[in-house]
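Student: One structure, pasted below without further comment.
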Amino acid sequence: MSADIEPGVAMACMDITEIQFGDNSFDIIFCSHVLEHVPEDKKALSELYRVLKPGGWAIILVPIEGERTIEDPAISTPEDRIKAYGQADHVRQYGRRDYMQMLNQQGLAVIAISPDDMSSPAEVIRFGMSSNAGEIFYCEKKAAL
């Protein structure tokens, strides 16, 4: 099952802040470069937590720059967002330390893994990863909050 907010892009069209599945629906979730586009990222993470089964796991990837997240609602024009966040449709630039804290606060136990630590050089290439692609955030659902 795949989902996207844009109609016709994936199997289902839905907003990540209002996932149309019941509690504990999925064993695995792969969320790649979505949260930096979502104004209510904590609500989105709460929804991912809700639909993840106990003992389930998720890979939740975002672009990371530095240690602290940069976010300012006053930065709203495409030009200003490019300057601040690197892309016109981003609403924040995540920092490693507080991104991991945010995942933990949402009930997820998180481990940051470098692609080079998880695979052989041949597998890194085969899976379309690279050492400069950043860390992979592997999350497991902790007990209910």
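Chain lettering (A, B, ...) mirrors the order of the structure tokens, residue numbering begins at 1 for each chain separately, and ligand numbering begins at 1 in order of display.
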Need to verify the contact set: region 75-79 of chain A, 9 Å, only C-alpha atoms, exclusion of same-chain residues closer than 2 positions in sequence. Can you return it as a list in words?
Tutor: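 Selected residues are Glu71, Asp72, Pro73, Arg81, Ile82, Lys83, Ala84, Gln87, Ala88, Asp89, His90 and Val91 of chain A.
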Student: Based on the backbone DSSP call, show me all residues of chain A assigned strand (DSSP E), as an MDAnalysis selection string.
Tutor: chainID A and resid 3:4 12:13 26:32 52:61 108:113 136:141
Student: Show me, as a CSV table (one decimal) with N, CA and C atoms, in the first residue's frame, the residues that have an atom within 12 Å of Gly86 (chain A) when counting only C-alpha atoms, minus same-chain residues fewer than 5 positions from it.
Tutor:
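Output contents, as saved in part.csv:
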chain,number,residue,atom,x,y,z
A,36,GLU,N,9.2,17.2,6.1
A,36,GLU,CA,9.7,18.6,5.9
A,36,GLU,C,8.7,19.4,5.1
A,37,HIS,N,7.7,18.8,4.5
A,37,HIS,CA,6.7,19.5,3.7
A,37,HIS,C,5.4,19.7,4.5
A,63,PRO,N,15.5,15.2,5.3
A,63,PRO,CA,16.8,15.8,5.1
A,63,PRO,C,17.3,16.4,6.4
A,64,ILE,N,18.5,16.2,6.8
A,64,ILE,CA,19.1,16.7,8.1
A,64,ILE,C,20.2,17.6,7.8
A,65,GLU,N,20.2,18.8,8.5
A,65,GLU,CA,21.3,19.7,8.4
A,65,GLU,C,21.6,20.2,9.8
A,70,ILE,N,15.5,24.1,12.1
A,70,ILE,CA,15.2,25.5,11.8
A,70,ILE,C,13.7,25.6,11.3
A,78,PRO,N,8.4,31.2,-1.6
A,78,PRO,CA,9.3,30.2,-2.2
A,78,PRO,C,10.7,30.6,-2.1
A,79,GLU,N,11.0,31.9,-2.4
A,79,GLU,CA,12.4,32.4,-2.4
A,79,GLU,C,13.0,32.3,-1.0
A,80,ASP,N,12.2,32.7,0.0
A,80,ASP,CA,12.8,32.6,1.4
A,80,ASP,C,12.9,31.2,1.9
A,81,ARG,N,12.0,30.3,1.4
A,81,ARG,CA,12.1,28.9,1.8
A,81,ARG,C,13.3,28.3,1.2
A,91,VAL,N,8.9,23.4,4.8
A,91,VAL,CA,8.5,24.3,5.8
A,91,VAL,C,9.4,24.3,7.0
A,92,ARG,N,10.5,23.5,7.0
A,92,ARG,CA,11.5,23.5,8.0
A,92,ARG,C,12.7,22.7,7.5
A,93,GLN,N,13.8,22.9,8.2
A,93,GLN,CA,15.0,22.1,8.0
A,93,GLN,C,15.3,21.4,9.3
A,94,TYR,N,15.3,20.1,9.3
A,94,TYR,CA,15.5,19.3,10.5
A,94,TYR,C,17.0,19.3,10.9
Student: Neighbouring residues of Phe137 (chain A) were defined as those with any atom within 6 Å, considering only C-alpha atoms; residues of the same chain fewer than 3 positions away were excluded. Please report them as a VMD selection string.
Tutor: chain A and resid 59 to 60 111 to 112
Student: Can you write out the residues you just picked, keeping all heavy atoms, as an mmCIF file, in the first residue's frame?
Tutor:
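Result file follows (out_37.cif):
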data_model
loop_
_atom_site.group_PDB
_atom_site.id
_atom_site.type_symbol
_atom_site.label_atom_id
_atom_site.label_comp_id
_atom_site.auth_asym_id
_atom_site.auth_seq_id
_atom_site.Cartn_x
_atom_site.Cartn_y
_atom_site.Cartn_z
ATOM 1 N N ILE A 59 10.683 3.351 8.956
ATOM 2 C CA ILE A 59 11.816 4.147 8.499
ATOM 3 C C ILE A 59 11.210 5.515 8.167
ATOM 4 O O ILE A 59 10.322 5.611 7.325
ATOM 5 C CB ILE A 59 12.483 3.545 7.236
ATOM 6 C CG1 ILE A 59 12.956 2.112 7.481
ATOM 7 C CG2 ILE A 59 13.587 4.450 6.719
ATOM 8 C CD1 ILE A 59 14.118 1.970 8.425
ATOM 9 N N ILE A 60 11.660 6.550 8.878
ATOM 10 C CA ILE A 60 11.106 7.892 8.693
ATOM 11 C C ILE A 60 12.268 8.823 8.341
ATOM 12 O O ILE A 60 13.020 9.266 9.213
ATOM 13 C CB ILE A 60 10.348 8.368 9.947
ATOM 14 C CG1 ILE A 60 9.295 7.325 10.354
ATOM 15 C CG2 ILE A 60 9.697 9.725 9.681
ATOM 16 C CD1 ILE A 60 8.586 7.633 11.663
ATOM 17 N N ILE A 111 16.820 4.604 16.172
ATOM 18 C CA ILE A 111 18.244 4.339 15.977
ATOM 19 C C ILE A 111 18.619 4.972 14.645
ATOM 20 O O ILE A 111 17.944 4.745 13.633
ATOM 21 C CB ILE A 111 18.538 2.828 15.921
ATOM 22 C CG1 ILE A 111 18.116 2.138 17.217
ATOM 23 C CG2 ILE A 111 20.013 2.577 15.620
ATOM 24 C CD1 ILE A 111 18.138 0.618 17.133
ATOM 25 N N ALA A 112 19.677 5.772 14.642
ATOM 26 C CA ALA A 112 20.184 6.367 13.404
ATOM 27 C C ALA A 112 21.279 5.463 12.854
ATOM 28 O O ALA A 112 22.214 5.106 13.567
ATOM 29 C CB ALA A 112 20.723 7.766 13.669
#
Student: Please list as a PyMOL selection string every residue within 12 Å of region 106-108 of chain A, counting only C-alpha atoms and excluding residues in the same chain fewer than 2 positions away.
Tutor: chain A and resi 41-50+52-60+99-104+110-111+137-145
Student: What is the CA of Ala3 (chain A)-CA of Ile16 (chain A) distance in Å, reported with one decimal?
Tutor: 8.5 Å
Student: Which is closer to Asp4 (chain A) than all the others in A:Gln105, A:Ser114, A:Ser32, A:Asn24, using only C-alpha atoms?
Tutor: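 Among A:Gln105, A:Ser114, A:Ser32, A:Asn24, it is A:Ser32 that comes nearest to Asp4 (chain A).
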Student: Could you work out how far CA of Pro115 (chain A) lies from CA of Ile136 (chain A), giving the answer in Å with one decimal?
Tutor: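 Going from CA of Ile136 (chain A) over to CA of Pro115 (chain A), I get 7.0 Å.
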Student: Give me, please, the distance in Å between CA of Arg68 (chain A) and CA of Met14 (chain A), quoted to one decimal.
Tutor: 29.4 Å
